[in-house]
$ cat my_file_19.pdb   # PDB, C-alpha atoms and all ligand atoms
MODEL        1
ATOM      1  CA  MET A   1     -22.045   1.419  14.106
ATOM      2  CA  THR A   2     -18.968   3.018  15.617
ATOM      3  CA  PRO A   3     -16.267   0.385  16.138
ATOM      4  CA  ARG A   4     -15.067  -0.265  19.667
ATOM      5  CA  VAL A   5     -11.592   1.145  20.249
ATOM      6  CA  LEU A   6      -9.002  -1.199  21.761
ATOM      7  CA  THR A   7      -5.537  -0.043  22.750
ATOM      8  CA  THR A   8      -3.831  -3.056  24.334
ATOM      9  CA  THR A   9      -3.102  -6.593  23.194
ATOM     10  CA  GLU A  10      -5.021  -7.910  26.229
ATOM     11  CA  GLU A  11      -8.132  -5.993  25.143
ATOM     12  CA  VAL A  12      -7.803  -7.451  21.643
ATOM     13  CA  ARG A  13      -7.451 -11.020  22.929
ATOM     14  CA  GLU A  14     -10.465 -10.561  25.199
ATOM     15  CA  ALA A  15     -12.634  -9.027  22.474
ATOM     16  CA  LEU A  16     -11.756 -11.856  20.084
ATOM     17  CA  ALA A  17     -12.139 -14.707  22.563
ATOM     18  CA  GLY A  18     -15.413 -15.936  21.010
ATOM     19  CA  PRO A  19     -15.897 -18.083  17.904
ATOM     20  CA  GLY A  20     -16.048 -16.726  14.347
ATOM     21  CA  ARG A  21     -13.755 -15.850  11.476
ATOM     22  CA  VAL A  22     -11.650 -12.770  12.196
ATOM     23  CA  GLY A  23     -10.515 -10.423   9.427
ATOM     24  CA  LEU A  24      -7.758  -7.830   9.948
ATOM     25  CA  VAL A  25      -7.240  -4.645   7.946
ATOM     26  CA  PRO A  26      -3.892  -3.077   8.929
ATOM     27  CA  THR A  27      -3.673   0.684   8.274
ATOM     28  CA  MET A  28      -1.860   3.811   9.330
ATOM     29  CA  GLY A  29      -5.155   5.689   9.650
ATOM     30  CA  TYR A  30      -6.545   8.829   7.986
ATOM     31  CA  LEU A  31      -8.902   6.403   6.315
ATOM     32  CA  HIS A  32     -10.303   6.974   2.826
ATOM     33  CA  ASP A  33     -12.357   4.994   0.300
ATOM     34  CA  GLY A  34      -9.359   2.761  -0.497
ATOM     35  CA  HIS A  35      -9.248   1.597   3.119
ATOM     36  CA  ALA A  36     -13.048   1.320   3.098
ATOM     37  CA  ALA A  37     -12.829  -1.123   0.173
ATOM     38  CA  LEU A  38     -10.523  -3.353   2.228
ATOM     39  CA  ILE A  39     -12.859  -3.160   5.234
ATOM     40  CA  ARG A  40     -15.940  -3.909   3.115
ATOM     41  CA  GLN A  41     -14.220  -6.935   1.605
ATOM     42  CA  ALA A  42     -13.327  -8.159   5.093
ATOM     43  CA  ARG A  43     -16.915  -7.533   6.231
ATOM     44  CA  ALA A  44     -18.267  -9.676   3.395
ATOM     45  CA  ALA A  45     -16.072 -12.662   4.305
ATOM     46  CA  CYS A  46     -15.559 -12.475   8.070
ATOM     47  CA  ASP A  47     -17.622 -12.543  11.273
ATOM     48  CA  VAL A  48     -15.489  -9.998  13.116
ATOM     49  CA  VAL A  49     -13.608  -7.201  11.347
ATOM     50  CA  VAL A  50     -10.665  -5.531  13.077
ATOM     51  CA  VAL A  51      -9.058  -2.399  11.633
ATOM     52  CA  SER A  52      -5.699  -1.432  13.083
ATOM     53  CA  VAL A  53      -4.671   2.215  13.033
ATOM     54  CA  PHE A  54      -1.012   2.599  13.893
ATOM     55  CA  VAL A  55       1.478   5.035  12.394
ATOM     56  CA  ASN A  56       4.454   2.709  12.643
ATOM     57  CA  PRO A  57       7.623   4.747  13.303
ATOM     58  CA  ARG A  58       9.853   1.838  12.293
ATOM     59  CA  GLN A  59       8.880   2.035   8.633
ATOM     60  CA  PHE A  60       9.745   5.728   8.254
ATOM     61  CA  GLY A  61      13.246   6.881   7.301
ATOM     62  CA  VAL A  62      14.865   9.716   9.262
ATOM     63  CA  ASN A  63      14.020  12.356   6.669
ATOM     64  CA  GLU A  64      10.497  11.110   5.975
ATOM     65  CA  ASP A  65       7.118  12.431   7.082
ATOM     66  CA  LEU A  66       6.508  10.560  10.370
ATOM     67  CA  GLY A  67       6.038  13.846  12.263
ATOM     68  CA  ARG A  68       3.446  15.260   9.922
ATOM     69  CA  TYR A  69       1.668  12.042   8.874
ATOM     70  CA  PRO A  70      -2.092  12.886   8.973
ATOM     71  CA  ARG A  71      -3.992  11.578  11.993
ATOM     72  CA  ASP A  72      -7.707  11.863  12.831
ATOM     73  CA  LEU A  73      -9.195   9.138  15.001
ATOM     74  CA  ASP A  74     -12.779  10.472  14.797
ATOM     75  CA  ARG A  75     -12.646  10.373  11.016
ATOM     76  CA  ASP A  76     -11.141   6.868  11.166
ATOM     77  CA  LEU A  77     -13.942   5.646  13.436
ATOM     78  CA  ALA A  78     -16.575   7.105  11.100
ATOM     79  CA  VAL A  79     -15.050   5.598   7.917
ATOM     80  CA  ALA A  80     -14.287   2.229   9.539
ATOM     81  CA  GLY A  81     -17.755   2.036  11.097
ATOM     82  CA  ALA A  82     -19.543   2.926   7.861
ATOM     83  CA  ALA A  83     -17.577   0.229   6.012
ATOM     84  CA  GLY A  84     -18.504  -2.394   8.620
ATOM     85  CA  ALA A  85     -15.600  -2.647  11.077
ATOM     86  CA  ASP A  86     -16.398  -4.005  14.543
ATOM     87  CA  LEU A  87     -13.168  -3.184  16.359
ATOM     88  CA  LEU A  88     -10.460  -0.586  15.900
ATOM     89  CA  PHE A  89      -7.063  -1.415  17.377
ATOM     90  CA  HIS A  90      -5.183   1.795  18.086
ATOM     91  CA  PRO A  91      -2.088   1.033  20.155
ATOM     92  CA  GLU A  92       0.468   3.492  21.518
ATOM     93  CA  VAL A  93       4.005   3.242  20.138
ATOM     94  CA  THR A  94       5.138   2.009  23.582
ATOM     95  CA  THR A  95       2.577  -0.807  23.452
ATOM     96  CA  MET A  96       4.003  -2.071  20.171
ATOM     97  CA  TYR A  97       7.640  -1.337  21.010
ATOM     98  CA  PRO A  98       8.079  -1.323  24.786
ATOM     99  CA  ASP A  99      11.434  -0.623  26.439
ATOM    100  CA  GLY A 100      13.887  -3.338  25.523
ATOM    101  CA  TYR A 101      12.132  -4.245  22.262
ATOM    102  CA  ALA A 102      14.819  -5.906  20.105
ATOM    103  CA  THR A 103      13.358  -7.837  17.157
ATOM    104  CA  THR A 104      13.238  -6.986  13.466
ATOM    105  CA  VAL A 105      11.798  -9.146  10.684
ATOM    106  CA  THR A 106      13.733  -8.909   7.419
ATOM    107  CA  VAL A 107      12.403 -10.418   4.209
ATOM    108  CA  SER A 108      15.220 -10.671   1.660
ATOM    109  CA  GLY A 109      14.991 -10.328  -2.101
ATOM    110  CA  VAL A 110      11.490  -9.058  -2.630
ATOM    111  CA  SER A 111      12.117  -6.265  -0.073
ATOM    112  CA  GLY A 112      14.817  -4.750  -2.276
ATOM    113  CA  PRO A 113      14.385  -2.576  -5.378
ATOM    114  CA  PRO A 114      12.494  -0.608  -6.335
ATOM    115  CA  GLU A 115      10.710   0.646  -3.178
ATOM    116  CA  GLY A 116      13.013  -0.972  -0.618
ATOM    117  CA  HIS A 117      15.972   0.566  -2.401
ATOM    118  CA  ALA A 118      14.367   4.014  -2.422
ATOM    119  CA  ARG A 119      13.360   3.684   1.255
ATOM    120  CA  PRO A 120      16.125   1.680   2.986
ATOM    121  CA  GLY A 121      14.794  -0.210   6.017
ATOM    122  CA  HIS A 122      11.174   0.578   5.160
ATOM    123  CA  PHE A 123      10.126  -3.016   4.553
ATOM    124  CA  ASP A 124      11.885  -4.242   7.716
ATOM    125  CA  GLY A 125       9.580  -1.882   9.590
ATOM    126  CA  VAL A 126       6.555  -3.051   7.614
ATOM    127  CA  SER A 127       7.214  -6.790   7.997
ATOM    128  CA  THR A 128       7.985  -6.391  11.692
ATOM    129  CA  VAL A 129       4.796  -4.499  12.485
ATOM    130  CA  VAL A 130       2.623  -6.662  10.228
ATOM    131  CA  LEU A 131       3.880  -9.843  11.904
ATOM    132  CA  LYS A 132       3.212  -8.278  15.308
ATOM    133  CA  LEU A 133      -0.323  -7.276  14.266
ATOM    134  CA  LEU A 134      -0.975 -10.767  12.895
ATOM    135  CA  ASN A 135       0.257 -12.304  16.158
ATOM    136  CA  ILE A 136      -1.827  -9.948  18.290
ATOM    137  CA  VAL A 137      -5.080 -10.306  16.331
ATOM    138  CA  GLN A 138      -4.529 -13.842  14.965
ATOM    139  CA  PRO A 139      -6.928 -13.269  12.059
ATOM    140  CA  GLU A 140      -7.947 -15.918   9.581
ATOM    141  CA  ARG A 141      -7.677 -13.324   6.797
ATOM    142  CA  ALA A 142      -5.703 -10.107   6.428
ATOM    143  CA  TYR A 143      -6.427  -7.486   3.766
ATOM    144  CA  PHE A 144      -3.841  -5.354   1.954
ATOM    145  CA  GLY A 145      -4.188  -2.937  -0.951
ATOM    146  CA  GLU A 146      -2.579  -3.485  -4.336
ATOM    147  CA  LYS A 147      -1.702   0.220  -4.255
ATOM    148  CA  ASP A 148       1.303  -0.833  -2.187
ATOM    149  CA  TRP A 149       2.182  -3.634  -4.613
ATOM    150  CA  GLN A 150       5.640  -4.418  -3.298
ATOM    151  CA  GLN A 151       4.388  -4.328   0.296
ATOM    152  CA  LEU A 152       1.807  -6.957  -0.634
ATOM    153  CA  ALA A 153       4.564  -9.123  -2.152
ATOM    154  CA  VAL A 154       6.722  -8.722   0.969
ATOM    155  CA  VAL A 155       3.841  -9.659   3.281
ATOM    156  CA  ARG A 156       2.952 -12.682   1.155
ATOM    157  CA  ARG A 157       6.594 -13.844   1.196
ATOM    158  CA  MET A 158       6.865 -13.398   4.968
ATOM    159  CA  VAL A 159       3.615 -15.262   5.638
ATOM    160  CA  ARG A 160       4.728 -18.142   3.420
ATOM    161  CA  ASP A 161       8.270 -18.298   4.796
ATOM    162  CA  LEU A 162       7.269 -18.107   8.465
ATOM    163  CA  ASN A 163       4.176 -20.373   8.186
ATOM    164  CA  VAL A 164       1.907 -17.655   9.535
ATOM    165  CA  PRO A 165      -1.608 -19.157   9.609
ATOM    166  CA  VAL A 166      -3.390 -16.363   7.742
ATOM    167  CA  ARG A 167      -4.802 -15.903   4.263
ATOM    168  CA  VAL A 168      -3.465 -12.690   2.708
ATOM    169  CA  VAL A 169      -6.068 -11.014   0.506
ATOM    170  CA  GLY A 170      -4.985  -8.365  -2.028
ATOM    171  CA  VAL A 171      -7.550  -5.692  -2.882
ATOM    172  CA  PRO A 172      -7.459  -3.687  -6.163
ATOM    173  CA  THR A 173      -6.507  -0.023  -6.010
ATOM    174  CA  VAL A 174      -9.340   2.454  -5.539
ATOM    175  CA  ARG A 175      -8.904   5.592  -7.648
ATOM    176  CA  ALA A 176     -10.415   9.063  -7.788
ATOM    177  CA  ALA A 177     -12.512   9.766 -10.894
ATOM    178  CA  SER A 178      -9.407  11.458 -12.346
ATOM    179  CA  GLY A 179      -7.448   8.197 -12.111
ATOM    180  CA  LEU A 180      -5.294   9.262  -9.154
ATOM    181  CA  ALA A 181      -4.816   6.413  -6.673
ATOM    182  CA  LEU A 182      -6.389   7.303  -3.324
ATOM    183  CA  SER A 183      -3.748   7.714  -0.640
ATOM    184  CA  SER A 184      -3.618   9.326   2.795
ATOM    185  CA  ARG A 185      -0.667  11.372   1.558
ATOM    186  CA  ASN A 186      -2.863  12.983  -1.128
ATOM    187  CA  SER A 187      -4.120  15.143   1.740
ATOM    188  CA  TYR A 188      -0.772  16.987   1.618
ATOM    189  CA  LEU A 189      -1.787  18.248  -1.858
ATOM    190  CA  THR A 190      -4.314  20.927  -2.824
ATOM    191  CA  PRO A 191      -7.120  19.827  -5.185
ATOM    192  CA  GLU A 192      -5.227  21.496  -8.074
ATOM    193  CA  GLN A 193      -2.038  19.670  -7.155
ATOM    194  CA  GLN A 194      -3.970  16.389  -6.982
ATOM    195  CA  GLU A 195      -5.172  17.030 -10.544
ATOM    196  CA  ARG A 196      -1.540  17.509 -11.614
ATOM    197  CA  ALA A 197      -0.586  14.272  -9.813
ATOM    198  CA  VAL A 198      -2.749  12.321 -12.276
ATOM    199  CA  VAL A 199       0.380  12.455 -14.473
ATOM    200  CA  LEU A 200       1.585   9.387 -12.537
ATOM    201  CA  SER A 201      -1.442   7.382 -13.662
ATOM    202  CA  ARG A 202      -0.962   8.676 -17.204
ATOM    203  CA  ALA A 203       2.629   7.468 -17.202
ATOM    204  CA  LEU A 204       1.515   3.995 -16.100
ATOM    205  CA  TRP A 205      -1.166   3.973 -18.724
ATOM    206  CA  ALA A 206       1.354   4.967 -21.419
ATOM    207  CA  VAL A 207       3.444   1.917 -20.522
ATOM    208  CA  GLN A 208       0.390  -0.332 -20.774
ATOM    209  CA  GLU A 209      -0.412   1.197 -24.169
ATOM    210  CA  ALA A 210       3.111   0.631 -25.453
ATOM    211  CA  ALA A 211       2.957  -3.022 -24.374
ATOM    212  CA  ALA A 212      -0.472  -3.437 -25.958
ATOM    213  CA  ALA A 213       0.995  -2.003 -29.180
ATOM    214  CA  GLY A 214       3.605  -4.777 -29.170
ATOM    215  CA  GLU A 215       6.615  -3.348 -27.334
ATOM    216  CA  ARG A 216       8.425  -6.047 -25.300
ATOM    217  CA  ASP A 217      11.702  -4.283 -24.548
ATOM    218  CA  THR A 218      11.611  -3.152 -20.912
ATOM    219  CA  ALA A 219      13.859  -0.114 -21.396
ATOM    220  CA  ARG A 220      11.591   1.187 -24.177
ATOM    221  CA  LEU A 221       8.461   0.530 -22.113
ATOM    222  CA  VAL A 222       9.984   2.442 -19.212
ATOM    223  CA  GLN A 223      10.943   5.255 -21.590
ATOM    224  CA  ALA A 224       7.302   5.575 -22.696
ATOM    225  CA  GLY A 225       6.312   6.212 -19.084
ATOM    226  CA  LEU A 226       9.206   8.544 -18.308
ATOM    227  CA  GLU A 227       8.322  10.692 -21.328
ATOM    228  CA  VAL A 228       4.875  11.297 -19.833
ATOM    229  CA  LEU A 229       6.360  12.174 -16.433
ATOM    230  CA  ALA A 230       8.768  14.579 -18.115
ATOM    231  CA  ARG A 231       5.833  16.625 -19.433
ATOM    232  CA  ASP A 232       5.342  18.094 -15.972
ATOM    233  CA  PRO A 233       8.453  19.854 -14.625
ATOM    234  CA  GLU A 234       7.070  19.468 -11.093
ATOM    235  CA  VAL A 235       7.584  15.680 -11.229
ATOM    236  CA  ARG A 236      10.766  14.329  -9.630
ATOM    237  CA  PRO A 237      10.716  10.636 -10.577
ATOM    238  CA  ASP A 238      12.130   8.239  -8.036
ATOM    239  CA  TYR A 239      11.628   5.189 -10.242
ATOM    240  CA  LEU A 240       9.437   3.859 -13.001
ATOM    241  CA  THR A 241       9.949   0.184 -13.635
ATOM    242  CA  VAL A 242       8.346  -2.958 -15.014
ATOM    243  CA  VAL A 243       8.836  -5.956 -12.719
ATOM    244  CA  ASP A 244       7.936  -9.618 -12.448
ATOM    245  CA  SER A 245       6.266 -11.167  -9.398
ATOM    246  CA  ASP A 246       9.651 -11.251  -7.598
ATOM    247  CA  MET A 247      10.167  -7.529  -8.211
ATOM    248  CA  ARG A 248      12.864  -8.193 -10.794
ATOM    249  CA  GLU A 249      13.207  -6.019 -13.866
ATOM    250  CA  ARG A 250      14.016  -8.198 -16.872
ATOM    251  CA  GLU A 251      15.323  -7.066 -20.269
ATOM    252  CA  ARG A 252      12.149  -8.147 -22.013
ATOM    253  CA  VAL A 253       8.656  -8.532 -20.598
ATOM    254  CA  GLU A 254       6.681 -11.762 -20.648
ATOM    255  CA  ASN A 255       2.964 -12.267 -21.072
ATOM    256  CA  ASP A 256       2.769 -13.073 -17.347
ATOM    257  CA  PRO A 257      -0.336 -11.459 -15.738
ATOM    258  CA  MET A 258       1.783 -10.686 -12.635
ATOM    259  CA  THR A 259       4.024  -8.305 -14.608
ATOM    260  CA  ARG A 260       3.533  -4.912 -12.994
ATOM    261  CA  VAL A 261       4.407  -1.305 -13.791
ATOM    262  CA  LEU A 262       5.469   0.596 -10.673
ATOM    263  CA  VAL A 263       6.091   4.291 -10.255
ATOM    264  CA  ALA A 264       7.249   6.522  -7.401
ATOM    265  CA  ALA A 265       7.724  10.250  -7.754
ATOM    266  CA  ARG A 266       7.846  13.386  -5.739
ATOM    267  CA  MET A 267       5.499  16.248  -6.641
ATOM    268  CA  PHE A 268       5.119  19.458  -4.663
ATOM    269  CA  GLY A 269       7.364  17.912  -1.996
ATOM    270  CA  VAL A 270       5.119  14.857  -1.579
ATOM    271  CA  ARG A 271       6.198  11.327  -2.446
ATOM    272  CA  LEU A 272       3.509   9.342  -4.254
ATOM    273  CA  ILE A 273       3.503   5.754  -5.486
ATOM    274  CA  ASP A 274       1.227   3.854  -7.848
ATOM    275  CA  ASN A 275       1.196   0.751 -10.037
ATOM    276  CA  VAL A 276      -0.885  -1.107 -12.611
ATOM    277  CA  PRO A 277      -0.703  -4.519 -14.262
ATOM    278  CA  LEU A 278       1.241  -4.334 -17.533
ATOM    279  CA  TRP A 279      -1.398  -6.456 -19.205
ATOM    280  CA  ALA A 280      -4.918  -5.223 -18.516
ATOM    281  CA  GLU A 281      -8.077  -5.881 -20.455
ATOM    282  CA  GLU A 282      -9.484  -2.564 -19.347
ATOM    283  CA  ARG A 283      -6.992   0.250 -19.377
ATOM    284  CA  TRP A 284      -7.751   3.567 -17.738
ATOM    285  CA  THR A 285      -7.784   6.283 -20.388
ATOM    286  CA  GLY A 286      -7.531   9.212 -18.031
ATOM    287  CA  GLY A 287      -9.709  12.028 -19.378
ATOM    288  CA  GLU A 288      -9.346  14.359 -22.333
ATOM    289  CA  ASP A 289      -5.656  15.174 -22.500
ATOM    290  CA  ALA A 290      -4.205  11.780 -21.502
TER
HETATM  291  N1  LIG W   1      -6.317   3.560  -3.051
HETATM  292  C1  LIG W   1      -6.222   2.411  -2.397
HETATM  293  N2  LIG W   1      -6.841   1.314  -2.852
HETATM  294  C2  LIG W   1      -6.738   0.122  -2.210
HETATM  295  N3  LIG W   1      -6.034  -0.047  -1.073
HETATM  296  C3  LIG W   1      -5.397   1.009  -0.570
HETATM  297  C4  LIG W   1      -5.457   2.293  -1.193
HETATM  298  N4  LIG W   1      -4.713   3.147  -0.456
HETATM  299  C5  LIG W   1      -4.217   2.444   0.569
HETATM  300  N5  LIG W   1      -4.622   1.162   0.507
HETATM  301  C6  LIG W   1      -4.248   0.070   1.399
HETATM  302  O1  LIG W   1      -4.650   0.356   2.719
HETATM  303  C7  LIG W   1      -3.728  -0.248   3.624
HETATM  304  C8  LIG W   1      -3.274   0.796   4.586
HETATM  305  O2  LIG W   1      -2.526   1.762   3.880
HETATM  306  P1  LIG W   1      -2.111   3.161   4.466
HETATM  307  O3  LIG W   1      -2.810   3.371   5.753
HETATM  308  O4  LIG W   1      -0.651   3.321   4.401
HETATM  309  O5  LIG W   1      -2.826   4.143   3.444
HETATM  310  P2  LIG W   1      -2.238   4.907   2.242
HETATM  311  O6  LIG W   1      -3.320   5.709   1.669
HETATM  312  O7  LIG W   1      -1.509   3.929   1.395
HETATM  313  O8  LIG W   1      -1.244   5.873   2.936
HETATM  314  P3  LIG W   1       0.036   6.554   2.333
HETATM  315  O9  LIG W   1      -0.457   7.763   1.668
HETATM  316  O10 LIG W   1       0.781   6.776   3.571
HETATM  317  O11 LIG W   1       0.724   5.578   1.432
HETATM  318  C9  LIG W   1      -2.578  -0.801   2.790
HETATM  319  O12 LIG W   1      -2.780  -2.196   2.606
HETATM  320  C10 LIG W   1      -2.744  -0.057   1.496
HETATM  321  O13 LIG W   1      -2.220  -0.754   0.377
HETATM  322  C1  LIG W   2       0.684  -2.380   6.344
HETATM  323  C2  LIG W   2       0.914  -1.149   7.207
HETATM  324  C3  LIG W   2      -0.333  -0.828   7.999
HETATM  325  C4  LIG W   2       2.024  -1.476   8.211
HETATM  326  O1  LIG W   2       2.288  -0.368   9.025
HETATM  327  C5  LIG W   2       1.352   0.053   6.357
HETATM  328  O2  LIG W   2       2.550  -0.178   5.721
HETATM  329  C6  LIG W   2       0.293   0.519   5.423
HETATM  330  O3  LIG W   2      -0.590   1.224   5.906
HETATM  331  O4  LIG W   2       0.324   0.189   4.228
HETATM  332  N1  LIG W   3       1.100   2.613   2.550
HETATM  333  C1  LIG W   3       2.530   2.487   2.772
HETATM  334  C2  LIG W   3       2.948   2.951   4.090
HETATM  335  C3  LIG W   3       4.127   3.866   4.037
HETATM  336  O1  LIG W   3       4.302   4.583   3.048
HETATM  337  O2  LIG W   3       4.885   3.907   4.994
ENDMDL
END
$ encode --input "my_file_19.pdb" --output "structure tokens"
Amino acid sequence: MTPRVLTTTEEVREALAGPGRVGLVPTMGYLHDGHAALIRQARAACDVVVVSVFVNPRQFGVNEDLGRYPRDLDRDLAVAGAAGADLLFHPEVTTMYPDGYATTVTVSGVSGPPEGHARPGHFDGVSTVVLKLLNIVQPERAYFGEKDWQQLAVVRRMVRDLNVPVRVVGVPTVRAASGLALSSRNSYLTPEQQERAVVLSRALWAVQEAAAAGERDTARLVQAGLEVLARDPEVRPDYLTVVDSDMRERERVENDPMTRVLVAARMFGVRLIDNVPLWAEERWTGGEDA
């Protein structure tokens, strides 16, 4: 079924006036199978599933891709509907940030390096819009992808610190058969360029392999990943790091299951991010020449 489109907070409140557990899936649209996994998980646990589609200007830096971010509401309705969404909240920028809007939510610490350092102000924009969406929809559960690992940590911190009555659910990253993490920004790349971008996954996998082989020194683990990135001259690494659950890089890694390998790099003018757990029972092996 095609979800009903709502554009104002009043429409959302009215549509959700009845009983039942509400699940929210916040997105910036141009939905793909990664988003569909979030929606399906919400569908399985909730009575009403709301997907928000809002390209939030406040989380884009001045030189970032706000102007060309892909948008296609018909496609979003088709993907959201097929995955089981009931409602699609698609507000105008002026609905979210009317004249005189003056509030920003800042989460300290976990909003810093690596991603918050590479994109100053980005997580202020994310936490502000996510809190607004949570207040508008008032869901019992909200679903976020592990693909944006630090974002998930920031949202969890904010929800805990501000006593927001919602359960945050993290959903594992959905990948193409090649290993490339699905992302709306992949649409900026040709199929050949997307094949080349699998080098990011290979770098993450190399770090996992090095840890599995006994390496505990963070600098050497990072080096193992950087060496893979360096094989493709098109890659402009932003960061590759191994962090704990508070996003801190330590000199040596622990056996903590929350230890995560994060990468951000530019390829063909497009900035891509990805991450994997350092310790994984099943490691992606990435095809023939990984
Ligand atoms: N491959 C994926 N697997 C699981 N969740 C995902 C995946 N891609 C995105 N998500 C999640 O979907 C939600 C909405 O993300 P968003 O709309 O920014 O999509 P995106 O593909 O991450 O876009 P971008 O390319 O701009 O990073 C976020 O919680 C994000 O983590
Ligand atoms: C959570 C989010 C929808 C807030 O704009 C965005 O950062 C995203 O799509 O990951
Ligand atoms: N999925 C993260 C949203 C952003 O890059 O702005």
$ residues_around --input "my_file_19.pdb" --residues "segment 263-273 of chain A" --least-positions-apart "6" --cutoff "8 Å" --atoms "only C-alpha atoms" --output "PyMOL selection string"
chain A and resi 147-148+185-186+188-189+193+197+200+204+234-241
$ closest_atom_pairs --input "my_file_19.pdb" --of "chain A" --to "ligand LIG 3 (chain W)" --cutoff "10 Å" --atoms "all atoms listed in the file" --output "CSV"
residue,atom,partner,partner_atom,distance
A:Pro26,CA,W:LIG3,N1,9.9
A:Thr27,CA,W:LIG3,N1,7.7
A:Met28,CA,W:LIG3,C2,7.2
A:Gly29,CA,W:LIG3,N1,9.9
A:Val55,CA,W:LIG3,O2,8.2
A:Asn56,CA,W:LIG3,O2,7.8
A:Pro57,CA,W:LIG3,O2,8.8
A:Arg58,CA,W:LIG3,O2,9.1
A:Gln59,CA,W:LIG3,O2,5.7
A:Phe60,CA,W:LIG3,O2,6.1
A:Gly61,CA,W:LIG3,O2,9.2
A:Glu64,CA,W:LIG3,O2,9.2
A:Asp65,CA,W:LIG3,O2,9.1
A:Leu66,CA,W:LIG3,O2,8.7
A:Tyr69,CA,W:LIG3,O2,9.6
A:Glu115,CA,W:LIG3,O1,9.8
A:Arg119,CA,W:LIG3,O2,9.3
A:His122,CA,W:LIG3,O2,7.1
A:Phe123,CA,W:LIG3,O2,8.7
A:Gly125,CA,W:LIG3,O2,8.8
A:Val126,CA,W:LIG3,O2,7.6
A:Phe144,CA,W:LIG3,N1,9.4
A:Gly145,CA,W:LIG3,N1,8.4
A:Glu146,CA,W:LIG3,N1,9.9
A:Lys147,CA,W:LIG3,N1,7.7
A:Asp148,CA,W:LIG3,N1,5.9
A:Trp149,CA,W:LIG3,N1,9.6
A:Gln150,CA,W:LIG3,C1,9.7
A:Gln151,CA,W:LIG3,C1,7.5
A:Ser183,CA,W:LIG3,N1,7.7
A:Ser184,CA,W:LIG3,N1,8.2
A:Arg185,CA,W:LIG3,O1,8.5
A:Arg271,CA,W:LIG3,O1,8.9
A:Leu272,CA,W:LIG3,O1,8.8
A:Ile273,CA,W:LIG3,O1,8.7
$ closest_atom_pairs --input "my_file_19.pdb" --of "segment 116-195 of chain A" --to "segment 7-13 of chain A" --cutoff "10 Å" --atoms "only C-alpha atoms" --output "tab-separated table"
residue	atom	partner	partner_atom	distance
A:Leu133	CA	A:Thr9	CA	9.4
A:Asn135	CA	A:Thr9	CA	9.7
A:Ile136	CA	A:Thr9	CA	6.1
A:Val137	CA	A:Val12	CA	6.6
A:Gln138	CA	A:Arg13	CA	8.9
$ atom_distance --input "my_file_19.pdb" --atom1 "atom CA of Glu249 of chain A" --atom2 "atom C1 of ligand LIG 2 (chain W)"
24.1 Å
$ atom_distance --input "my_file_19.pdb" --atom1 "atom N3 of ligand LIG 1 (chain W)" --atom2 "atom CA of Ser111 of chain A"
19.2 Å
$ resolve_selection --input "my_file_19.pdb" --expression "the PyMOL selection byres (((chain A and resi 30) around 8) and not hetatm)" --output "list in words"
Met28, Gly29, Leu31, His32, Pro70, Arg71, Asp72, Leu73, Arg75, Asp76 and Ser184 of chain A
